[in-house]
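Participant: Compact mmCIF, C-alpha atoms, file coords_23.txt:
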```
# COMPACT_ATOMS: atom_id res chain seq x y z
CA MET Q 40 34.04 -70.80 -60.23
CA ASP Q 41 31.59 -71.88 -57.53
CA GLN Q 42 28.80 -69.30 -57.55
CA ASN Q 43 27.57 -70.35 -54.10
CA PRO Q 44 30.70 -70.80 -51.95
CA PRO Q 45 30.43 -71.20 -48.17
CA LEU Q 46 31.19 -68.14 -46.09
CA THR Q 47 34.91 -67.72 -45.46
CA PHE Q 48 36.04 -65.09 -42.96
CA PRO Q 49 39.71 -64.03 -42.83
CA VAL Q 50 41.68 -65.63 -40.00
CA CYS Q 51 42.40 -63.15 -37.20
CA GLN Q 52 45.92 -62.45 -35.97
CA THR Q 53 45.22 -63.74 -32.46
CA ALA Q 54 44.29 -67.15 -33.89
CA ILE Q 55 47.54 -67.20 -35.84
CA ASP Q 56 49.59 -66.18 -32.79
CA TRP Q 57 47.99 -68.74 -30.47
CA ALA Q 58 48.45 -71.50 -33.05
CA ALA Q 59 52.22 -71.14 -32.60
CA GLY Q 60 51.93 -73.20 -29.41
CA PRO Q 61 53.27 -74.63 -27.17
CA TYR Q 62 51.08 -77.69 -27.76
CA ASP Q 63 51.15 -79.44 -24.39
CA ASP Q 64 47.96 -80.50 -22.59
CA LYS Q 65 48.34 -77.85 -19.88
CA THR Q 66 48.46 -75.03 -22.45
CA LEU Q 67 45.44 -76.42 -24.30
CA GLN Q 68 43.45 -76.60 -21.06
CA GLN Q 69 44.40 -73.05 -20.07
CA LYS Q 70 43.62 -71.58 -23.49
CA ARG Q 71 40.30 -73.38 -23.61
CA GLY Q 72 39.15 -70.82 -21.06
CA ALA Q 73 38.62 -68.46 -24.00
CA ILE Q 74 35.64 -70.60 -25.06
CA ASP Q 75 34.28 -70.53 -21.51
CA ALA Q 76 34.58 -66.74 -21.41
CA LEU Q 77 32.95 -66.17 -24.81
CA LEU Q 78 30.01 -68.46 -24.05
CA SER Q 79 29.84 -67.91 -20.27
CA CYS Q 80 30.20 -71.66 -19.70
CA ARG Q 81 30.06 -73.25 -16.27
CA SER Q 82 32.74 -75.52 -14.87
CA THR Q 83 30.45 -78.55 -15.25
CA ASP Q 84 29.81 -77.98 -18.97
CA ARG Q 85 31.62 -80.18 -21.47
CA PHE Q 86 33.38 -78.84 -24.55
CA VAL Q 87 34.34 -80.93 -27.58
CA PHE Q 88 36.70 -79.54 -30.21
CA THR Q 89 35.53 -80.61 -33.68
CA THR Q 90 36.78 -80.18 -37.22
CA SER Q 91 33.69 -78.20 -38.26
CA GLY Q 92 30.29 -76.97 -37.19
CA ALA Q 93 28.86 -79.82 -39.24
CA GLU Q 94 30.69 -82.41 -37.14
CA ALA Q 95 29.49 -80.75 -33.94
CA ILE Q 96 25.87 -80.82 -35.16
CA SER Q 97 26.15 -84.46 -36.25
CA GLN Q 98 27.53 -85.48 -32.84
CA THR Q 99 24.73 -83.64 -31.07
CA LEU Q 100 21.91 -85.23 -33.07
CA PHE Q 101 23.52 -88.67 -33.02
CA SER Q 102 23.91 -88.44 -29.23
CA ALA Q 103 20.19 -87.71 -28.89
CA TYR Q 104 19.41 -90.68 -31.12
CA LEU Q 105 21.71 -93.15 -29.33
CA GLU Q 106 21.03 -92.08 -25.75
CA VAL Q 107 17.38 -90.96 -25.95
CA ALA Q 108 15.45 -92.10 -29.02
CA ARG Q 109 16.93 -95.61 -29.15
CA LEU Q 110 16.58 -96.23 -25.42
CA THR Q 111 13.34 -94.47 -24.48
CA GLY Q 112 11.15 -94.64 -27.58
CA LYS Q 113 11.02 -90.83 -27.90
CA THR Q 114 11.72 -91.00 -31.61
CA HIS Q 115 10.43 -87.63 -32.85
CA PHE Q 116 12.80 -84.78 -33.71
CA VAL Q 117 11.92 -81.16 -34.53
CA THR Q 118 13.93 -78.74 -36.68
CA THR Q 119 13.18 -75.67 -38.78
CA ALA Q 120 13.14 -74.55 -42.42
CA ILE Q 121 16.09 -72.15 -41.97
CA GLU Q 122 18.58 -74.83 -40.96
CA GLU Q 123 21.68 -75.57 -42.99
CA ALA Q 124 22.69 -78.81 -44.66
CA ALA Q 125 24.46 -80.33 -41.64
CA THR Q 126 21.25 -80.31 -39.60
CA LEU Q 127 18.80 -81.20 -42.38
CA GLN Q 128 20.92 -84.05 -43.77
CA MET Q 129 21.54 -85.51 -40.31
CA MET Q 130 17.82 -85.31 -39.63
CA GLN Q 131 17.24 -87.16 -42.89
CA ARG Q 132 19.65 -89.85 -41.73
CA LEU Q 133 17.76 -90.18 -38.44
CA GLY Q 134 14.56 -90.53 -40.46
CA GLY Q 135 16.15 -93.49 -42.24
CA LEU Q 136 16.84 -95.03 -38.81
CA GLY Q 137 13.13 -94.96 -37.96
CA CYS Q 138 12.74 -91.53 -36.37
CA THR Q 139 9.99 -89.05 -37.27
CA ILE Q 140 11.25 -85.64 -38.37
CA HIS Q 141 9.18 -82.44 -38.18
CA VAL Q 142 10.35 -79.33 -40.07
CA VAL Q 143 8.75 -76.13 -38.79
CA PRO Q 144 8.17 -73.35 -41.36
CA VAL Q 145 9.15 -69.71 -41.02
CA THR Q 146 6.66 -66.85 -41.10
CA ARG Q 147 6.74 -63.97 -43.60
CA ASP Q 148 8.63 -61.98 -40.94
CA GLY Q 149 11.49 -64.50 -41.11
CA ILE Q 150 10.71 -65.92 -37.66
CA ILE Q 151 10.13 -69.58 -36.78
CA ASP Q 152 6.40 -70.22 -36.44
CA LEU Q 153 6.07 -70.36 -32.63
CA LYS Q 154 2.47 -71.63 -32.65
CA GLN Q 155 3.35 -74.55 -34.89
CA ILE Q 156 6.51 -75.48 -33.02
CA GLU Q 157 4.61 -75.38 -29.71
CA SER Q 158 1.98 -77.75 -31.09
CA LEU Q 159 4.67 -80.15 -32.33
CA ILE Q 160 6.69 -80.36 -29.11
CA THR Q 161 5.07 -83.21 -27.23
CA ARG Q 162 6.32 -85.89 -24.85
CA LYS Q 163 7.38 -87.92 -27.91
CA ILE Q 164 10.05 -85.39 -28.90
CA ALA Q 165 13.66 -86.39 -28.22
CA LEU Q 166 15.28 -83.15 -29.35
CA VAL Q 167 14.55 -79.76 -30.93
CA SER Q 168 17.36 -78.43 -33.14
CA MET Q 169 17.34 -74.81 -34.33
CA SER Q 170 19.57 -71.91 -35.34
CA MET Q 171 19.77 -68.89 -33.06
CA ALA Q 172 19.89 -66.59 -36.09
CA SER Q 173 19.49 -67.04 -39.83
CA GLY Q 174 22.74 -66.69 -41.73
CA LEU Q 175 20.85 -65.51 -44.83
CA THR Q 176 18.32 -63.03 -43.46
CA GLY Q 177 20.00 -62.11 -40.16
CA VAL Q 178 16.74 -62.51 -38.25
CA ILE Q 179 17.33 -63.58 -34.63
CA GLN Q 180 14.99 -66.39 -33.67
CA PRO Q 181 13.00 -66.72 -30.40
CA TYR Q 182 15.39 -69.38 -29.15
CA LYS Q 183 14.80 -68.73 -25.44
CA GLU Q 184 11.03 -69.11 -25.77
CA ILE Q 185 11.42 -72.32 -27.78
CA ALA Q 186 13.93 -73.70 -25.27
CA ASP Q 187 11.47 -73.05 -22.46
CA ILE Q 188 8.72 -74.90 -24.36
CA ALA Q 189 11.02 -77.85 -25.06
CA ARG Q 190 12.20 -78.15 -21.49
CA ALA Q 191 8.63 -78.04 -20.19
CA LYS Q 192 7.81 -81.05 -22.39
CA GLY Q 193 10.95 -82.98 -21.44
CA ALA Q 194 12.68 -82.52 -24.81
CA LEU Q 195 16.33 -81.70 -25.29
CA ILE Q 196 17.18 -78.46 -27.11
CA HIS Q 197 20.12 -77.85 -29.45
CA LEU Q 198 21.04 -74.33 -30.56
CA ASP Q 199 23.24 -73.80 -33.59
CA ALA Q 200 25.14 -70.61 -32.76
CA ALA Q 201 27.11 -70.47 -36.03
CA HIS Q 202 25.58 -67.12 -37.02
CA ALA Q 203 25.18 -65.76 -33.49
CA LEU Q 204 28.47 -66.39 -31.70
CA GLY Q 205 30.64 -63.30 -31.68
CA ARG Q 206 27.86 -61.14 -33.15
CA PHE Q 207 25.70 -60.31 -30.15
CA HIS Q 208 25.68 -60.91 -26.42
CA PHE Q 209 24.18 -64.06 -24.92
CA ALA Q 210 25.16 -66.40 -22.11
CA TRP Q 211 25.00 -70.10 -22.93
CA HIS Q 212 23.70 -71.07 -19.50
CA GLU Q 213 20.84 -68.56 -19.80
CA THR Q 214 19.55 -69.85 -23.15
CA GLY Q 215 18.03 -72.97 -21.61
CA ALA Q 216 19.79 -75.16 -24.18
CA ASP Q 217 21.30 -78.58 -23.60
CA TYR Q 218 23.69 -78.33 -26.56
CA MET Q 219 25.28 -75.50 -28.51
CA THR Q 220 27.38 -75.83 -31.65
CA PHE Q 221 29.37 -73.38 -33.77
CA ASP Q 222 31.77 -73.18 -36.71
CA GLY Q 223 35.21 -71.76 -35.95
CA GLY Q 224 35.62 -70.24 -39.40
CA LEU Q 225 32.78 -67.83 -38.68
CA ILE Q 226 34.61 -66.31 -35.68
CA HIS Q 227 37.85 -65.83 -37.70
CA ALA Q 228 39.44 -69.15 -36.79
CA PRO Q 229 40.99 -71.32 -39.54
CA LYS Q 230 38.83 -73.69 -41.56
CA ALA Q 231 38.31 -77.18 -40.14
CA THR Q 232 37.57 -75.91 -36.63
CA GLY Q 233 34.36 -75.97 -34.64
CA GLY Q 234 32.94 -76.78 -31.26
CA LEU Q 235 30.19 -78.44 -29.26
CA VAL Q 236 29.19 -77.44 -25.73
CA ALA Q 237 26.95 -79.76 -23.74
CA SER Q 238 25.46 -79.26 -20.30
CA ALA Q 239 26.37 -81.67 -17.52
CA SER Q 240 22.99 -83.41 -17.75
CA ALA Q 241 22.81 -83.73 -21.57
CA PRO Q 242 23.51 -87.18 -23.04
CA LEU Q 243 26.72 -87.09 -25.07
CA ALA Q 244 28.20 -89.87 -27.19
CA PRO Q 245 31.32 -89.68 -29.36
CA LEU Q 246 30.71 -89.46 -33.08
CA ILE Q 247 34.24 -90.77 -33.66
CA VAL Q 248 35.10 -93.57 -31.22
CA GLY Q 249 38.52 -94.58 -29.98
CA GLY Q 250 40.74 -92.66 -27.60
CA ASN Q 251 39.30 -89.54 -26.00
CA ARG Q 252 36.01 -90.03 -24.17
CA TRP Q 253 34.06 -87.50 -26.25
CA ARG Q 254 35.95 -87.62 -29.56
CA GLY Q 255 38.34 -90.30 -30.78
CA GLY Q 256 40.90 -90.11 -33.54
CA PRO Q 257 43.99 -87.92 -33.86
CA THR Q 258 44.08 -84.44 -32.38
CA ASP Q 259 45.15 -81.21 -34.07
CA PRO Q 260 46.50 -78.99 -31.28
CA GLU Q 261 47.54 -76.22 -33.68
CA ARG Q 262 44.01 -75.73 -35.00
CA GLU Q 263 42.55 -76.20 -31.54
CA LEU Q 264 44.73 -73.40 -30.16
CA ALA Q 265 43.86 -71.25 -33.16
CA LEU Q 266 40.16 -71.72 -32.37
CA TYR Q 267 40.75 -70.63 -28.77
CA GLY Q 268 42.68 -67.59 -30.00
CA ALA Q 269 39.81 -66.63 -32.29
CA ALA Q 270 37.36 -67.09 -29.40
CA HIS Q 271 39.51 -64.83 -27.21
CA ALA Q 272 39.52 -62.11 -29.88
CA ALA Q 273 35.76 -62.52 -30.50
CA HIS Q 274 35.14 -61.99 -26.78
CA LEU Q 275 37.31 -58.87 -26.70
CA TYR Q 276 35.61 -57.41 -29.79
CA LEU Q 277 32.05 -58.44 -28.92
CA ASP Q 278 30.88 -54.95 -27.97
CA ALA Q 279 32.51 -53.49 -31.06
CA MET Q 280 30.94 -56.15 -33.27
CA SER Q 281 27.51 -55.52 -31.79
CA LEU Q 282 27.72 -51.73 -32.11
CA GLU Q 283 30.11 -51.07 -34.99
CA GLY Q 284 28.75 -54.00 -36.96
CA ALA Q 285 25.23 -52.62 -36.70
CA ARG Q 286 26.48 -49.14 -37.65
CA LEU Q 287 28.19 -50.45 -40.78
CA ARG Q 288 25.13 -52.49 -41.69
CA ASP Q 289 22.91 -49.42 -41.30
CA GLN Q 290 25.38 -47.33 -43.30
CA PHE Q 291 25.27 -49.91 -46.09
CA GLU Q 292 21.48 -50.02 -46.13
CA THR Q 293 21.12 -46.22 -46.16
CA GLN Q 294 23.67 -45.77 -48.94
CA LEU Q 295 22.22 -48.66 -50.95
CA VAL Q 296 18.68 -47.29 -50.98
CA ALA Q 297 20.00 -43.85 -51.96
CA ALA Q 298 22.28 -45.18 -54.72
CA ILE Q 299 20.04 -47.73 -56.46
CA PRO Q 300 16.44 -46.79 -57.33
CA GLY Q 301 14.00 -49.44 -56.18
CA ALA Q 302 16.45 -51.13 -53.79
CA ALA Q 303 14.91 -52.15 -50.48
CA VAL Q 304 15.95 -53.77 -47.19
CA LEU Q 305 14.08 -56.88 -46.08
CA TYR Q 306 13.39 -57.71 -42.41
CA GLN Q 307 14.44 -54.22 -41.32
CA ASP Q 308 11.73 -54.17 -38.64
CA GLN Q 309 12.85 -57.48 -37.11
CA LEU Q 310 15.46 -58.13 -34.44
CA ARG Q 311 18.52 -58.90 -36.57
CA SER Q 312 22.12 -59.93 -36.19
CA PRO Q 313 24.27 -56.80 -36.55
CA ASN Q 314 26.32 -58.16 -39.45
CA VAL Q 315 23.74 -59.46 -41.96
CA SER Q 316 21.57 -57.52 -44.39
CA CYS Q 317 19.09 -59.11 -46.81
CA VAL Q 318 18.35 -56.71 -49.67
CA LEU Q 319 16.19 -56.53 -52.77
CA LEU Q 320 17.97 -55.30 -55.90
CA PRO Q 321 15.37 -54.87 -58.64
CA ARG Q 322 16.03 -55.54 -62.31
CA THR Q 323 18.97 -57.85 -61.53
CA HIS Q 324 19.10 -61.62 -61.14
CA GLN Q 325 20.78 -62.66 -57.89
CA GLU Q 326 23.06 -65.37 -59.34
CA THR Q 327 24.37 -63.11 -62.11
CA LEU Q 328 25.03 -60.29 -59.65
CA LEU Q 329 26.74 -62.63 -57.18
CA TYR Q 330 29.07 -63.92 -59.90
CA TYR Q 331 30.30 -60.43 -60.78
CA LEU Q 332 30.58 -59.22 -57.17
CA GLN Q 333 32.61 -62.04 -55.60
CA PRO Q 334 36.07 -61.10 -56.87
CA LYS Q 335 35.58 -57.37 -56.31
CA THR Q 336 34.92 -56.82 -52.60
CA PRO Q 337 36.03 -57.96 -49.11
CA ILE Q 338 32.39 -57.79 -48.04
CA LEU Q 339 30.77 -61.22 -48.36
CA THR Q 340 27.70 -61.83 -50.49
CA GLN Q 341 25.67 -65.03 -50.61
CA ILE Q 342 22.44 -66.59 -51.84
CA GLY Q 343 22.78 -69.91 -50.03
CA GLY Q 344 22.55 -73.12 -51.97
CA HIS Q 345 25.96 -74.59 -51.02
CA TYR Q 346 25.41 -75.60 -47.41
CA ALA Q 347 22.40 -73.40 -46.55
CA PRO Q 348 18.84 -73.22 -47.91
CA HIS Q 349 18.77 -71.30 -51.18
CA LEU Q 350 17.74 -67.72 -50.39
CA LYS Q 351 15.16 -67.63 -53.18
CA GLN Q 352 13.47 -70.83 -52.02
CA LEU Q 353 13.60 -69.75 -48.38
CA LEU Q 354 11.89 -66.44 -49.15
CA MET Q 355 9.26 -68.09 -51.33
CA LYS Q 356 8.37 -70.43 -48.46
CA GLN Q 357 7.85 -67.30 -46.36
CA GLY Q 358 5.32 -65.91 -48.85
CA VAL Q 359 7.61 -63.68 -50.95
CA ASP Q 360 6.70 -63.77 -54.65
CA PRO Q 361 9.18 -65.62 -56.93
CA THR Q 362 10.28 -62.54 -58.89
CA THR Q 363 11.16 -60.58 -55.76
CA ALA Q 364 12.83 -63.62 -54.17
CA ALA Q 365 15.07 -64.08 -57.24
CA ARG Q 366 16.34 -60.52 -56.96
CA THR Q 367 17.55 -60.61 -53.38
CA LEU Q 368 21.05 -60.84 -51.95
CA SER Q 369 22.37 -61.59 -48.48
CA VAL Q 370 25.26 -59.31 -47.47
CA VAL Q 371 27.53 -60.28 -44.57
CA PHE Q 372 29.97 -58.02 -42.73
CA HIS Q 373 32.78 -59.21 -40.47
CA ARG Q 374 34.72 -57.19 -37.93
CA MET Q 375 37.60 -56.46 -40.32
CA VAL Q 376 35.34 -54.50 -42.68
CA SER Q 377 35.68 -50.68 -42.59
CA SER Q 378 33.34 -47.81 -43.37
CA GLY Q 379 35.33 -47.17 -46.54
CA ASP Q 380 34.81 -50.80 -47.61
CA VAL Q 381 31.06 -50.29 -47.27
CA THR Q 382 31.07 -47.17 -49.47
CA GLU Q 383 33.16 -48.93 -52.12
CA PHE Q 384 30.87 -51.96 -52.00
CA VAL Q 385 27.74 -49.88 -52.53
CA GLU Q 386 29.38 -48.27 -55.57
CA ALA Q 387 30.35 -51.71 -56.90
CA LEU Q 388 26.75 -52.81 -56.48
CA ARG Q 389 25.47 -49.72 -58.29
CA VAL Q 390 27.86 -50.26 -61.19
CA GLN Q 391 26.96 -53.92 -61.57
CA VAL Q 392 23.20 -53.36 -61.27
CA THR Q 393 23.40 -50.64 -63.95
CA ARG Q 394 25.50 -52.89 -66.16
CA LEU Q 395 23.33 -55.97 -65.79
CA GLU Q 396 19.90 -54.36 -65.97
CA PRO Q 397 19.68 -54.44 -69.82
CA LEU Q 398 20.80 -58.09 -69.82
CA THR Q 399 18.15 -59.28 -67.36
CA LYS Q 400 15.11 -57.51 -68.81
CA GLY Q 401 12.46 -60.08 -69.54
CA LEU Q 402 14.60 -62.91 -68.11
CA ALA Q 403 12.49 -65.73 -66.69
CA LEU Q 404 13.31 -66.04 -63.00
```
Any chance you could put this one into structure tokens?
Facilitator:
Amino acid sequence: MDQNPPLTFPVCQTAIDWAAGPYDDKTLQQKRGAIDALLSCRSTDRFVFTTSGAEAISQTLFSAYLEVARLTGKTHFVTTAIEEAATLQMMQRLGGLGCTIHVVPVTRDGIIDLKQIESLITRKIALVSMSMASGLTGVIQPYKEIADIARAKGALIHLDAAHALGRFHFAWHETGADYMTFDGGLIHAPKATGGLVASASAPLAPLIVGGNRWRGGPTDPERELALYGAAHAAHLYLDAMSLEGARLRDQFETQLVAAIPGAAVLYQDQLRSPNVSCVLLPRTHQETLLYYLQPKTPILTQIGGHYAPHLKQLLMKQGVDPTTAARTLSVVFHRMVSSGDVTEFVEALRVQVTRLEPLTKGLAL
């Protein structure tokens, strides 16, 4: 059993219904309006359907390399310590092609270090790539401020909206970004779906050549329609996700602290995504607890390490001591979770913490 699986949300019924077709070009174009509505896209923006958020990120960074770094000599790229594997590994590849990569740390509050990122963004920077919100801590990053800094210095800005889209309100054209990417599976679309939005002025090159101007290779209209159906549902439920999601998160945190002595909520004073809670569960090792929780609850738990930074390492880089960092868990709610699910989950946590406490006493973390 993989102890650190990627997040998998259940596919929503609207995605299933829309995937039934018809599959003609006219229908695809009409249904694509669901993406425009969810992101508040303009008619001049370009949308590329991809097979994952990782593909969308790779195309974005590769476009900046081909059309900016290679042609202008602006060979520096900036990213952050909270990014997931798709961004960090693509940045590593660009480093092998002669680019200079800067990774900005995160403060103890879980926020990208604004002073450091401002000092790094110079006229040599081709692109700044960052997540709008951390998928592990839930902390919403100052993406608008960073976009303003990047644009003032002539750098492109890419926002990874994987853990923001469908969770809270924002308009793509008001973020100041040149590119935005997301993973369809995290808005209740099927796996192997994702998307890239680029402004009219942003350089864009196909990652897969041959055929379509922005993405070659065979198409998958069924999955594409399913993504648009999921986007339509995410737009309809956005207010509910923002409000009800935050209520369920707060219910979970209140019940958790009452049920488990010594339990605490991290980043509670920060601006957070409504569906993520990062909690400290004393006397229990995170990997052991995660193993016993996964088959028992519809609520998702994670510690990173599969495609994201490991939660323990991320917290330690933010100044959290190793023992505390090893006893944390990231809890993720989706819009199909109920209040009853939360209560049952807290009880499952209490039972497992009580059960595992004697086994983890004195365990080196």
Participant: Quick one: everything within 9 Å of Lys192 in chain Q, counting all atoms listed in the file, minus sequence neighbours fewer than 4 positions away in the same chain. Send it as JSON, numbers by chain.
Facilitator: {"Q": [160, 161, 162, 163, 164, 187, 188]}
Participant: Find, counting all atoms listed in the file, the residue in Q:Glu292, Q:Trp211, Q:Val142, Q:Val107 that gets nearest to Ala194 in chain Q.
Facilitator: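 Smallest separation from Ala194 in chain Q among the options: Q:Val107.
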Participant: Rank Q:Leu354, Q:Ile338, Q:Ala244, Q:Val390 by their smallest atom-to-atom distance to Ala298 in chain Q, using all atoms listed in the file, and report the top residue only.
Facilitator: Q:Val390
Participant: Between CA of Val359 in chain Q and CA of Arg322 in chain Q, what is the spacing in Å?
Facilitator: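 Separation between CA of Arg322 in chain Q and CA of Val359 in chain Q: 16.3 Å.
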Participant: Can you tell me how far CA of Gln290 in chain Q sits from CA of Val381 in chain Q, in Å to one decimal?
Facilitator: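 Atom-to-atom, CA of Gln290 in chain Q and CA of Val381 in chain Q are spaced 7.5 Å apart.
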Participant: Taking all atoms listed in the file into account, which of Q:Leu195, Q:Ala165, Q:Ala108, Q:Ala203 comes nearest Ser238 in chain Q?
Facilitator: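 Smallest distance to Ser238 in chain Q is found for Q:Leu195.
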Participant: Would you please work out which residue, of Q:Ile247, Q:Val376, Q:Ala237, Q:Ala279, is nearest to Val87 in chain Q when using all atoms listed in the file?
Facilitator: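 Counting all atoms listed in the file, the residue closest to Val87 in chain Q is Q:Ala237.
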Participant: So, with only C-alpha atoms as the atoms that count, which of Q:Gln309, Q:Thr66, Q:Thr111, Q:Thr382 lies closest to Thr336 in chain Q?
Facilitator: Q:Thr382
Participant: Between CA of Thr89 in chain Q and CA of Ala172 in chain Q, what distance in Å does the model show, to one decimal?
Facilitator: 21.1 Å
Participant: Residues near Ser281 in chain Q, anyone? I mean within 12 Å using all atoms listed in the file, not counting same-chain ones fewer than 6 positions away, as a short mmCIF file (atom, residue, chain, number, x, y, z; two decimals) with C-alpha atoms, keeping the file's coordinate frame.
Facilitator:
```cif
data_model
loop_
_atom_site.label_atom_id
_atom_site.label_comp_id
_atom_site.auth_asym_id
_atom_site.auth_seq_id
_atom_site.Cartn_x
_atom_site.Cartn_y
_atom_site.Cartn_z
CA ALA Q 203 25.18 -65.76 -33.49
CA LEU Q 204 28.47 -66.39 -31.70
CA GLY Q 205 30.64 -63.30 -31.68
CA ARG Q 206 27.86 -61.14 -33.15
CA PHE Q 207 25.70 -60.31 -30.15
CA HIS Q 208 25.68 -60.91 -26.42
CA PHE Q 209 24.18 -64.06 -24.92
CA ALA Q 273 35.76 -62.52 -30.50
CA HIS Q 274 35.14 -61.99 -26.78
CA LEU Q 275 37.31 -58.87 -26.70
CA LEU Q 287 28.19 -50.45 -40.78
CA ARG Q 288 25.13 -52.49 -41.69
CA ARG Q 311 18.52 -58.90 -36.57
CA SER Q 312 22.12 -59.93 -36.19
CA PRO Q 313 24.27 -56.80 -36.55
CA ASN Q 314 26.32 -58.16 -39.45
CA VAL Q 315 23.74 -59.46 -41.96
CA PHE Q 372 29.97 -58.02 -42.73
CA HIS Q 373 32.78 -59.21 -40.47
CA ARG Q 374 34.72 -57.19 -37.93
#
```
Participant: Residues at most 12 Å from Leu264 in chain Q, counting all atoms listed in the file, excluding those fewer than 2 positions away in the same chain, as a ChimeraX atom specification?
Facilitator: /Q:53-74,88,223,228-229,232-233,258-262,266-271
Participant: Which one is closest to Ser173 in chain Q: Q:Thr327, Q:Ser369, Q:Ser91, Q:Thr47? Count only C-alpha atoms.
Facilitator: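 When distances to Ser173 in chain Q are compared using only C-alpha atoms, the smallest one comes from Q:Ser369.
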Participant: Identify, on the basis of only C-alpha atoms, every residue whose closest approach to range 217-222 of chain Q does not exceed 6 Å; exclude the query and any residue fewer than 5 positions from it along the same chain; express the result as a ChimeraX atom specification.
Facilitator: /Q:91-92,95,196-201,233-238,241
Participant: Write out as an MDAnalysis selection string which residues come within 9 Å of range 148-152 of chain Q when counting all atoms listed in the file, dropping same-chain ones fewer than 6 positions away.
Facilitator: chainID Q and resid 119:121 173 176:181 306 308:309 354 357
Participant: What are the nearest atom pairs, with distances in Å to one decimal, for all residues of range 280-352 of chain Q that come at most 10 Å from range 383-388 of chain Q, using all atoms listed in the file, set out by chain and rising residue number as CSV?
Facilitator:
```
residue,atom,partner,partner_atom,distance
Q:Gln290,CA,Q:Val385,CA,9.9
Q:Phe291,CA,Q:Val385,CA,6.9
Q:Glu292,CA,Q:Val385,CA,9.0
Q:Thr293,CA,Q:Val385,CA,9.9
Q:Gln294,CA,Q:Val385,CA,6.8
Q:Leu295,CA,Q:Val385,CA,5.9
Q:Val296,CA,Q:Val385,CA,9.5
Q:Ala297,CA,Q:Val385,CA,9.8
Q:Ala298,CA,Q:Val385,CA,7.5
Q:Ile299,CA,Q:Leu388,CA,8.4
Q:Leu320,CA,Q:Leu388,CA,9.1
Q:Leu328,CA,Q:Leu388,CA,8.3
Q:Leu329,CA,Q:Leu388,CA,9.8
Q:Tyr331,CA,Q:Leu388,CA,9.4
Q:Leu332,CA,Q:Leu388,CA,7.5
Q:Lys335,CA,Q:Ala387,CA,7.7
Q:Thr336,CA,Q:Phe384,CA,6.4
Q:Pro337,CA,Q:Phe384,CA,8.4
Q:Ile338,CA,Q:Phe384,CA,7.2
Q:Leu339,CA,Q:Phe384,CA,10.0
```
Participant: Export, as a JSON list (two decimals), in the coordinates of the input, the selected residues with C-alpha atoms.
Facilitator:
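Written file, out36.json:
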```json
[["chain", "number", "residue", "atom", "x", "y", "z"],
["Q", 290, "GLN", "CA", 25.38, -47.33, -43.30],
["Q", 291, "PHE", "CA", 25.27, -49.91, -46.09],
["Q", 292, "GLU", "CA", 21.48, -50.02, -46.13],
["Q", 293, "THR", "CA", 21.12, -46.22, -46.16],
["Q", 294, "GLN", "CA", 23.67, -45.77, -48.94],
["Q", 295, "LEU", "CA", 22.22, -48.66, -50.95],
["Q", 296, "VAL", "CA", 18.68, -47.29, -50.98],
["Q", 297, "ALA", "CA", 20.00, -43.85, -51.96],
["Q", 298, "ALA", "CA", 22.28, -45.18, -54.72],
["Q", 299, "ILE", "CA", 20.04, -47.73, -56.46],
["Q", 320, "LEU", "CA", 17.97, -55.30, -55.90],
["Q", 328, "LEU", "CA", 25.03, -60.29, -59.65],
["Q", 329, "LEU", "CA", 26.74, -62.63, -57.18],
["Q", 331, "TYR", "CA", 30.30, -60.43, -60.78],
["Q", 332, "LEU", "CA", 30.58, -59.22, -57.17],
["Q", 335, "LYS", "CA", 35.58, -57.37, -56.31],
["Q", 336, "THR", "CA", 34.92, -56.82, -52.60],
["Q", 337, "PRO", "CA", 36.03, -57.96, -49.11],
["Q", 338, "ILE", "CA", 32.39, -57.79, -48.04],
["Q", 339, "LEU", "CA", 30.77, -61.22, -48.36]]
```
Participant: Using only C-alpha atoms - which residues lie no farther than 12 Å from the point (13.9, -72.3, -53.4) in the file's frame? Write them as a list in words.
Facilitator: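 Residues lying no farther than 12 Å from the given point: Ala120, Ile121, Ile342, Gly343, Gly344, Ala347, Pro348, His349, Leu350, Lys351, Gln352, Leu353, Leu354, Met355, Lys356, Gln357, Gly358, Val359, Asp360, Pro361, Thr362, Ala364, Ala365 and Leu404 of chain Q.
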